[in-house]
file my_file31.cif (mmCIF, C-alpha atoms)
data_query
loop_
_atom_site.label_atom_id
_atom_site.label_comp_id
_atom_site.auth_asym_id
_atom_site.auth_seq_id
_atom_site.Cartn_x
_atom_site.Cartn_y
_atom_site.Cartn_z
CA MET A 240 -1.72 25.55 -10.74
CA GLU A 241 -0.10 22.26 -11.70
CA VAL A 242 -2.17 20.27 -14.17
CA HIS A 243 -2.38 16.47 -13.88
CA SER A 244 -3.83 13.96 -16.29
CA ASN A 245 -6.74 11.88 -15.05
CA GLY A 246 -4.39 8.93 -14.68
CA GLN A 247 -1.99 10.93 -12.55
CA ILE A 248 -4.85 12.09 -10.33
CA ALA A 249 -5.95 8.50 -9.78
CA GLU A 250 -2.40 7.31 -9.13
CA THR A 251 -1.81 10.12 -6.65
CA ARG A 252 -4.98 9.18 -4.79
CA ILE A 253 -3.96 5.52 -4.73
CA ALA A 254 -0.62 6.51 -3.19
CA GLU A 255 -2.48 8.54 -0.54
CA LEU A 256 -4.76 5.62 0.29
CA LEU A 257 -1.81 3.26 0.57
CA GLY A 258 -0.01 5.76 2.78
CA ASN A 259 -2.95 5.50 5.16
CA ALA A 260 -2.90 1.69 5.24
CA ALA A 261 -1.36 1.41 8.72
CA SER A 262 -3.69 3.92 10.38
CA ASP A 263 -6.92 3.26 12.26
CA SER A 264 -8.80 5.18 9.56
CA ARG A 265 -7.67 2.93 6.70
CA ASN A 266 -10.27 1.94 4.11
CA PHE A 267 -9.00 -1.57 3.31
CA PRO A 268 -7.01 -4.30 5.10
CA ALA A 269 -3.49 -3.23 6.03
CA THR A 270 -2.23 -6.52 4.60
CA ASP A 271 -3.09 -5.27 1.09
CA LEU A 272 0.15 -3.27 1.40
CA TYR A 273 2.05 -4.79 4.31
CA ASN A 274 2.60 -8.28 2.98
CA GLU A 275 5.32 -10.60 1.72
CA GLY A 276 4.73 -9.62 -1.89
CA TRP A 277 5.50 -5.94 -1.40
CA MET A 278 8.30 -6.76 1.03
CA LEU A 279 9.94 -8.91 -1.64
CA ARG A 280 9.50 -6.24 -4.33
CA LEU A 281 11.22 -3.67 -2.13
CA VAL A 282 14.11 -6.06 -1.49
CA LEU A 283 14.53 -6.99 -5.16
CA ASP A 284 14.37 -3.36 -6.21
CA TRP A 285 17.13 -2.51 -3.74
CA PHE A 286 19.44 -5.32 -4.87
CA GLN A 287 18.90 -4.37 -8.50
CA HIS A 288 20.26 -0.91 -7.73
CA HIS A 289 23.15 -2.24 -5.60
CA ARG A 290 24.63 -4.92 -7.86
CA SER A 291 28.01 -4.96 -6.18
CA VAL A 292 26.59 -6.30 -2.89
CA GLU A 293 27.45 -9.99 -2.58
CA HIS A 294 24.47 -12.16 -1.67
CA ASP A 295 22.38 -14.97 -3.13
CA LEU A 296 20.11 -12.20 -4.46
CA GLN A 297 22.96 -10.38 -6.18
CA PHE A 298 22.05 -9.24 -9.69
CA LEU A 299 24.40 -10.06 -12.54
CA ALA A 300 25.04 -7.52 -15.29
CA ASP A 301 21.88 -6.65 -17.28
CA SER A 302 19.67 -8.91 -15.16
CA ASN A 303 16.20 -7.73 -14.19
CA TRP A 304 13.44 -8.76 -11.79
CA TYR A 305 9.73 -9.40 -12.09
CA SER A 306 6.97 -10.20 -9.60
CA GLU A 307 4.21 -12.74 -10.24
CA ALA A 308 5.78 -14.26 -13.35
CA LEU A 309 4.16 -17.37 -14.78
CA LEU A 310 6.46 -20.39 -15.08
CA PRO A 311 5.59 -23.34 -17.32
CA SER A 312 5.29 -26.75 -15.73
CA PRO A 313 6.66 -29.94 -17.27
CA PHE A 314 3.27 -31.45 -16.33
CA LEU A 315 0.89 -29.21 -18.24
CA PRO A 316 -2.30 -30.84 -19.61
CA ARG A 317 -1.76 -33.18 -22.54
CA TYR A 318 -5.47 -33.18 -23.35
CA ARG A 319 -8.75 -31.88 -21.88
CA GLY A 320 -9.42 -33.48 -18.50
CA ASP A 321 -5.86 -34.78 -17.99
CA LYS A 322 -5.97 -36.33 -14.49
CA LEU A 323 -2.24 -35.84 -13.90
CA ALA A 324 -1.92 -32.25 -15.08
CA GLU A 325 -1.26 -28.98 -13.32
CA SER A 326 -1.30 -25.35 -14.38
CA TRP A 327 1.47 -22.78 -14.73
CA THR A 328 3.14 -21.66 -11.49
CA HIS A 329 3.12 -18.10 -10.17
CA ALA A 330 6.58 -17.07 -8.94
CA ASP A 331 6.57 -14.39 -6.24
CA GLY A 332 9.78 -12.98 -7.69
CA VAL A 333 12.34 -13.85 -10.35
CA ILE A 334 15.79 -12.44 -11.09
CA GLY A 335 17.65 -12.99 -14.31
CA HIS A 336 17.79 -12.53 -18.04
CA PHE A 337 14.31 -13.14 -19.39
CA SER A 338 11.38 -11.74 -21.32
CA ILE A 339 7.78 -11.52 -20.10
CA GLY A 340 4.59 -11.93 -22.05
CA ASP A 341 5.72 -13.58 -25.26
CA ASN A 342 2.76 -15.96 -25.23
CA GLY A 343 0.38 -14.29 -22.79
CA ALA A 344 0.25 -11.98 -19.78
CA GLY A 345 3.00 -12.71 -17.28
CA ASP A 346 4.56 -15.78 -18.87
CA LEU A 347 8.35 -15.94 -18.61
CA SER A 348 10.94 -17.08 -21.14
CA LEU A 349 14.70 -17.09 -20.60
CA LEU A 350 16.77 -15.19 -23.14
CA PRO A 351 19.15 -17.26 -25.29
CA GLU A 352 22.14 -15.56 -23.65
CA ALA A 353 20.77 -15.90 -20.10
CA LYS A 354 23.34 -16.27 -17.32
CA GLN A 355 21.09 -15.96 -14.27
CA PHE A 356 17.74 -17.39 -13.21
CA ILE A 357 16.64 -17.13 -9.59
CA VAL A 358 13.11 -17.88 -8.38
CA THR A 359 11.97 -16.61 -4.99
CA GLU A 360 8.99 -17.57 -2.87
CA ALA A 361 8.05 -15.07 -0.15
CA LYS A 362 6.34 -15.99 3.12
CA MET A 363 5.30 -14.30 6.34
CA PHE A 364 3.40 -16.83 8.45
CA SER A 365 2.17 -19.34 5.87
CA LYS A 366 3.89 -22.62 5.00
CA LEU A 367 4.83 -23.97 1.61
CA SER A 368 1.79 -25.61 0.05
CA SER A 369 1.94 -29.40 0.26
CA ARG A 370 0.00 -30.43 -2.83
CA VAL A 371 -1.59 -29.67 -6.17
CA THR A 372 -5.06 -30.84 -7.16
CA ASN A 373 -3.91 -33.87 -9.16
CA ALA A 374 -0.95 -34.84 -6.97
CA GLY A 375 -1.49 -34.74 -3.22
CA TYR A 376 2.24 -35.08 -2.42
CA TYR A 377 3.59 -32.54 -4.94
CA ASN A 378 4.69 -29.68 -2.73
CA GLN A 379 5.48 -26.07 -3.62
CA ALA A 380 9.26 -26.40 -3.42
CA ALA A 381 9.43 -29.41 -5.73
CA ARG A 382 7.01 -27.75 -8.11
CA ASN A 383 9.08 -24.56 -8.35
CA VAL A 384 12.31 -26.44 -8.94
CA ALA A 385 10.64 -28.51 -11.66
CA CYS A 386 9.40 -25.32 -13.32
CA ILE A 387 12.92 -23.87 -13.21
CA ALA A 388 14.17 -26.97 -15.04
CA GLU A 389 11.39 -26.61 -17.61
CA VAL A 390 12.07 -22.91 -18.22
CA ILE A 391 15.75 -23.66 -18.85
CA ARG A 392 14.89 -26.60 -21.12
CA ARG A 393 12.47 -24.51 -23.19
CA ALA A 394 15.20 -21.93 -23.69
CA GLY A 395 17.40 -24.60 -25.22
CA LEU A 396 19.98 -24.13 -22.48
CA HIS A 397 21.87 -26.51 -20.20
CA PRO A 398 22.04 -25.52 -16.51
CA ASN A 399 25.84 -25.38 -16.75
CA GLN A 400 25.52 -22.52 -19.23
CA LEU A 401 24.09 -20.31 -16.50
CA GLU A 402 26.27 -18.74 -13.83
CA ALA A 403 23.60 -18.51 -11.12
CA ILE A 404 20.48 -20.65 -10.63
CA ALA A 405 18.57 -20.74 -7.35
CA PHE A 406 15.26 -21.39 -5.64
CA LEU A 407 15.04 -19.28 -2.50
CA VAL A 408 12.27 -19.15 0.07
CA VAL A 409 12.30 -15.90 2.06
CA ALA A 410 10.58 -16.03 5.45
CA PRO A 411 10.76 -14.71 9.03
CA GLU A 412 13.64 -16.18 10.99
CA SER A 413 11.24 -17.35 13.70
CA ARG A 414 9.30 -19.46 11.21
CA ILE A 415 12.49 -20.89 9.73
CA ASN A 416 13.68 -21.90 13.21
CA GLU A 417 10.42 -23.79 13.70
CA GLY A 418 11.56 -26.10 10.92
CA ILE A 419 8.43 -25.70 8.80
CA PHE A 420 10.41 -25.47 5.54
CA SER A 421 13.22 -27.95 6.18
CA THR A 422 11.62 -31.13 4.79
CA TYR A 423 10.31 -29.65 1.55
CA MET A 424 13.52 -27.72 0.89
CA ASP A 425 15.72 -30.79 1.30
CA GLU A 426 17.31 -31.64 -2.06
CA GLY A 427 16.89 -35.38 -1.55
CA HIS A 428 13.20 -34.91 -0.80
CA ILE A 429 12.76 -32.77 -3.92
CA GLN A 430 14.40 -35.44 -6.07
CA GLU A 431 12.25 -38.20 -4.58
CA THR A 432 9.12 -36.12 -5.12
CA LEU A 433 9.94 -35.54 -8.79
CA GLN A 434 10.79 -39.21 -9.29
CA LYS A 435 7.33 -40.09 -8.01
CA ARG A 436 5.67 -37.42 -10.14
CA VAL A 437 7.40 -38.63 -13.30
CA SER A 438 6.69 -42.30 -12.51
CA GLU A 439 2.94 -41.64 -12.73
CA TYR A 440 3.34 -41.15 -16.48
CA ASP A 441 3.83 -44.09 -18.81
CA GLU A 442 5.45 -41.87 -21.43
CA ALA A 443 9.16 -42.01 -22.15
CA ASP A 444 9.43 -38.25 -22.59
CA ARG A 445 8.76 -37.62 -18.89
CA ALA A 446 11.62 -39.95 -17.90
CA ARG A 447 13.79 -38.24 -20.50
CA TRP A 448 12.87 -34.85 -19.07
CA TYR A 449 13.96 -36.05 -15.61
CA ASP A 450 17.31 -37.33 -16.91
CA GLU A 451 18.11 -34.47 -19.28
CA ALA A 452 16.55 -31.40 -17.65
CA PHE A 453 15.91 -32.06 -13.97
CA GLU A 454 18.95 -34.04 -12.85
CA PRO A 455 21.48 -31.62 -14.42
CA LEU A 456 19.64 -28.76 -12.72
CA MET A 457 19.98 -30.40 -9.30
CA GLU A 458 23.74 -30.50 -9.75
CA LYS A 459 23.81 -26.72 -10.31
CA ILE A 460 20.94 -25.10 -8.41
CA LYS A 461 21.17 -23.49 -4.97
CA ILE A 462 18.18 -24.23 -2.75
CA ARG A 463 17.98 -22.20 0.43
CA VAL A 464 15.66 -20.57 2.96
CA VAL A 465 16.63 -16.93 3.56
CA PRO A 466 15.49 -14.96 6.63
CA TRP A 467 14.00 -11.53 5.99
CA GLU A 468 16.16 -10.40 8.89
CA GLU A 469 19.31 -11.39 6.99
CA LEU A 470 18.28 -9.29 4.01
CA ILE A 471 17.46 -6.29 6.18
CA ALA A 472 20.86 -6.61 7.88
CA VAL A 473 22.65 -6.69 4.52
CA ILE A 474 20.74 -3.65 3.27
CA SER A 475 21.22 -1.76 6.54
CA ARG A 476 25.01 -2.22 6.39
CA GLU A 477 25.09 -0.70 2.93
CA ASP A 478 22.31 1.88 3.12
CA THR A 479 21.57 3.85 6.30
CA GLU A 480 18.31 5.22 4.88
CA GLU A 481 16.79 2.24 3.10
CA GLY A 482 17.73 -0.24 5.83
CA PRO A 483 15.75 1.35 8.68
CA ALA A 484 12.87 2.12 6.31
CA LEU A 485 12.72 -1.52 5.24
CA GLN A 486 12.89 -2.65 8.87
CA ASP A 487 9.91 -0.43 9.66
CA PHE A 488 7.95 -1.85 6.72
CA TYR A 489 8.84 -5.40 7.77
CA SER A 490 7.70 -4.72 11.34
CA LYS A 491 4.31 -3.64 10.01
CA CYS A 492 4.15 -6.76 7.84
CA LEU A 493 4.75 -8.93 10.89
CA LYS A 494 2.25 -7.00 12.99
CA PHE A 495 -0.66 -7.12 10.58
CA ASN A 496 -0.03 -10.58 9.13
CA GLN A 497 0.45 -12.10 12.57
CA PHE A 498 -2.89 -10.67 13.64
CA VAL A 499 -4.60 -12.22 10.61
CA ALA A 500 -2.82 -15.55 11.08
CA ARG A 501 -3.84 -15.79 14.73
CA ARG A 502 -7.42 -14.68 14.21
CA PHE A 503 -8.29 -16.49 11.02
CA GLY A 504 -5.53 -19.06 10.58
#
call {"tool": "encode", "arguments": {"input": "my_file31.cif", "output": "structure tokens"}}
result
Amino acid sequence: MEVHSNGQIAETRIAELLGNAASDSRNFPATDLYNEGWMLRLVLDWFQHHRSVEHDLQFLADSNWYSEALLPSPFLPRYRGDKLAESWTHADGVIGHFSIGDNGAGDLSLLPEAKQFIVTEAKMFSKLSSRVTNAGYYNQAARNVACIAEVIRRAGLHPNQLEAIAFLVVAPESRINEGIFSTYMDEGHIQETLQKRVSEYDEADRARWYDEAFEPLMEKIKIRVVPWEELIAVISREDTEEGPALQDFYSKCLKFNQFVARRFG
């Protein structure tokens, strides 16, 4: 009889429970598995193992990916009770040359020799958030792009030293066609939003950050909304097994998340 450690027994049981997530006899919400987070992880894992496939998610040599990384903001608290501050940003997925956890669980730092840094935000039926607590206009797209600039600055790098920098929102094609992302993902709108955010500070270092870190980034970064359907099509052309399997998983994501969105949204 095969002997398993206690950890292996628990992990095997977790896999069995997850395998039952789409059935009527499931023991937890199907969206615990069939969601944008796991969909993105499957996509990133595939592209990591198929580096020759040309796409905005293409992995450069030695690049890696991580889900739920913490990105530092250029507007972290200066003191207790800072009325302008915000916290670190959770990135649904990142691709590039980085380390995780140097200063705490999940925090990301670019490596000195980094050539790639891509941040992805995954959506099913939700929109990009429009605000943070201390800035009612500071939307999720602008915030992510600002964090990208701050990560690169902290690494002591100039954006031109990297070969690939991007902020990509991945969402259903139907939601993209509704135009719900177009305003926030507009580069001009992002620049105007950051100008307003910086102008709230009376400190010269925030203006310097805008000039030296943010503006050079905007000349280099790719900002785009990517349909899940596009990614599935790319994978399906290259991989006759993974493509249909991913399509099936995506269909379940749409089914269960659409039900939740309609009933409780």
call {"tool": "resolve_selection", "arguments": {"input": "my_file31.cif", "expression": "the PyMOL selection byres ((chain A and resi 432) around 10)", "output": "ChimeraX atom specification"}}
result
/A:376-378,380-382,423,426-431,433-438
call {"tool": "closest_residue", "arguments": {"input": "my_file31.cif", "among": "A:Phe420, A:Ala254, A:Phe453, A:Asp478", "to": "Val292 of chain A", "atoms": "only C-alpha atoms"}}
result
A:Asp478
call {"tool": "atom_distance", "arguments": {"input": "my_file31.cif", "atom1": "atom CA of Ser306 of chain A", "atom2": "atom CA of Ser413 of chain A"}}
result
24.7 Å
call {"tool": "resolve_selection", "arguments": {"input": "my_file31.cif", "expression": "the PyMOL selection byres ((chain A and resi 324) around 12)", "output": "list of chain:residue names"}}
result
A:Pro311, A:Ser312, A:Pro313, A:Phe314, A:Leu315, A:Pro316, A:Arg317, A:Tyr318, A:Arg319, A:Gly320, A:Asp321, A:Lys322, A:Leu323, A:Glu325, A:Ser326, A:Trp327, A:Val371, A:Thr372, A:Asn373, A:Ala374, A:Tyr377, A:Arg436, A:Val437, A:Glu439, A:Tyr440
call {"tool": "write_last_selection", "arguments": {"input": "my_file31.cif", "atoms": "C-alpha atoms", "output": "mmCIF file, keeping the file's coordinate frame"}}
result
data_model
loop_
_atom_site.group_PDB
_atom_site.id
_atom_site.type_symbol
_atom_site.label_atom_id
_atom_site.label_comp_id
_atom_site.auth_asym_id
_atom_site.auth_seq_id
_atom_site.Cartn_x
_atom_site.Cartn_y
_atom_site.Cartn_z
ATOM 1 C CA PRO A 311 5.590 -23.340 -17.320
ATOM 2 C CA SER A 312 5.290 -26.750 -15.730
ATOM 3 C CA PRO A 313 6.660 -29.940 -17.270
ATOM 4 C CA PHE A 314 3.270 -31.450 -16.330
ATOM 5 C CA LEU A 315 0.890 -29.210 -18.240
ATOM 6 C CA PRO A 316 -2.300 -30.840 -19.610
ATOM 7 C CA ARG A 317 -1.760 -33.180 -22.540
ATOM 8 C CA TYR A 318 -5.470 -33.180 -23.350
ATOM 9 C CA ARG A 319 -8.750 -31.880 -21.880
ATOM 10 C CA GLY A 320 -9.420 -33.480 -18.500
ATOM 11 C CA ASP A 321 -5.860 -34.780 -17.990
ATOM 12 C CA LYS A 322 -5.970 -36.330 -14.490
ATOM 13 C CA LEU A 323 -2.240 -35.840 -13.900
ATOM 14 C CA GLU A 325 -1.260 -28.980 -13.320
ATOM 15 C CA SER A 326 -1.300 -25.350 -14.380
ATOM 16 C CA TRP A 327 1.470 -22.780 -14.730
ATOM 17 C CA VAL A 371 -1.590 -29.670 -6.170
ATOM 18 C CA THR A 372 -5.060 -30.840 -7.160
ATOM 19 C CA ASN A 373 -3.910 -33.870 -9.160
ATOM 20 C CA ALA A 374 -0.950 -34.840 -6.970
ATOM 21 C CA TYR A 377 3.590 -32.540 -4.940
ATOM 22 C CA ARG A 436 5.670 -37.420 -10.140
ATOM 23 C CA VAL A 437 7.400 -38.630 -13.300
ATOM 24 C CA GLU A 439 2.940 -41.640 -12.730
ATOM 25 C CA TYR A 440 3.340 -41.150 -16.480
#
call {"tool": "atom_distance", "arguments": {"input": "my_file31.cif", "atom1": "atom CA of Gly332 of chain A", "atom2": "atom CA of Val473 of chain A"}}
result
18.8 Å
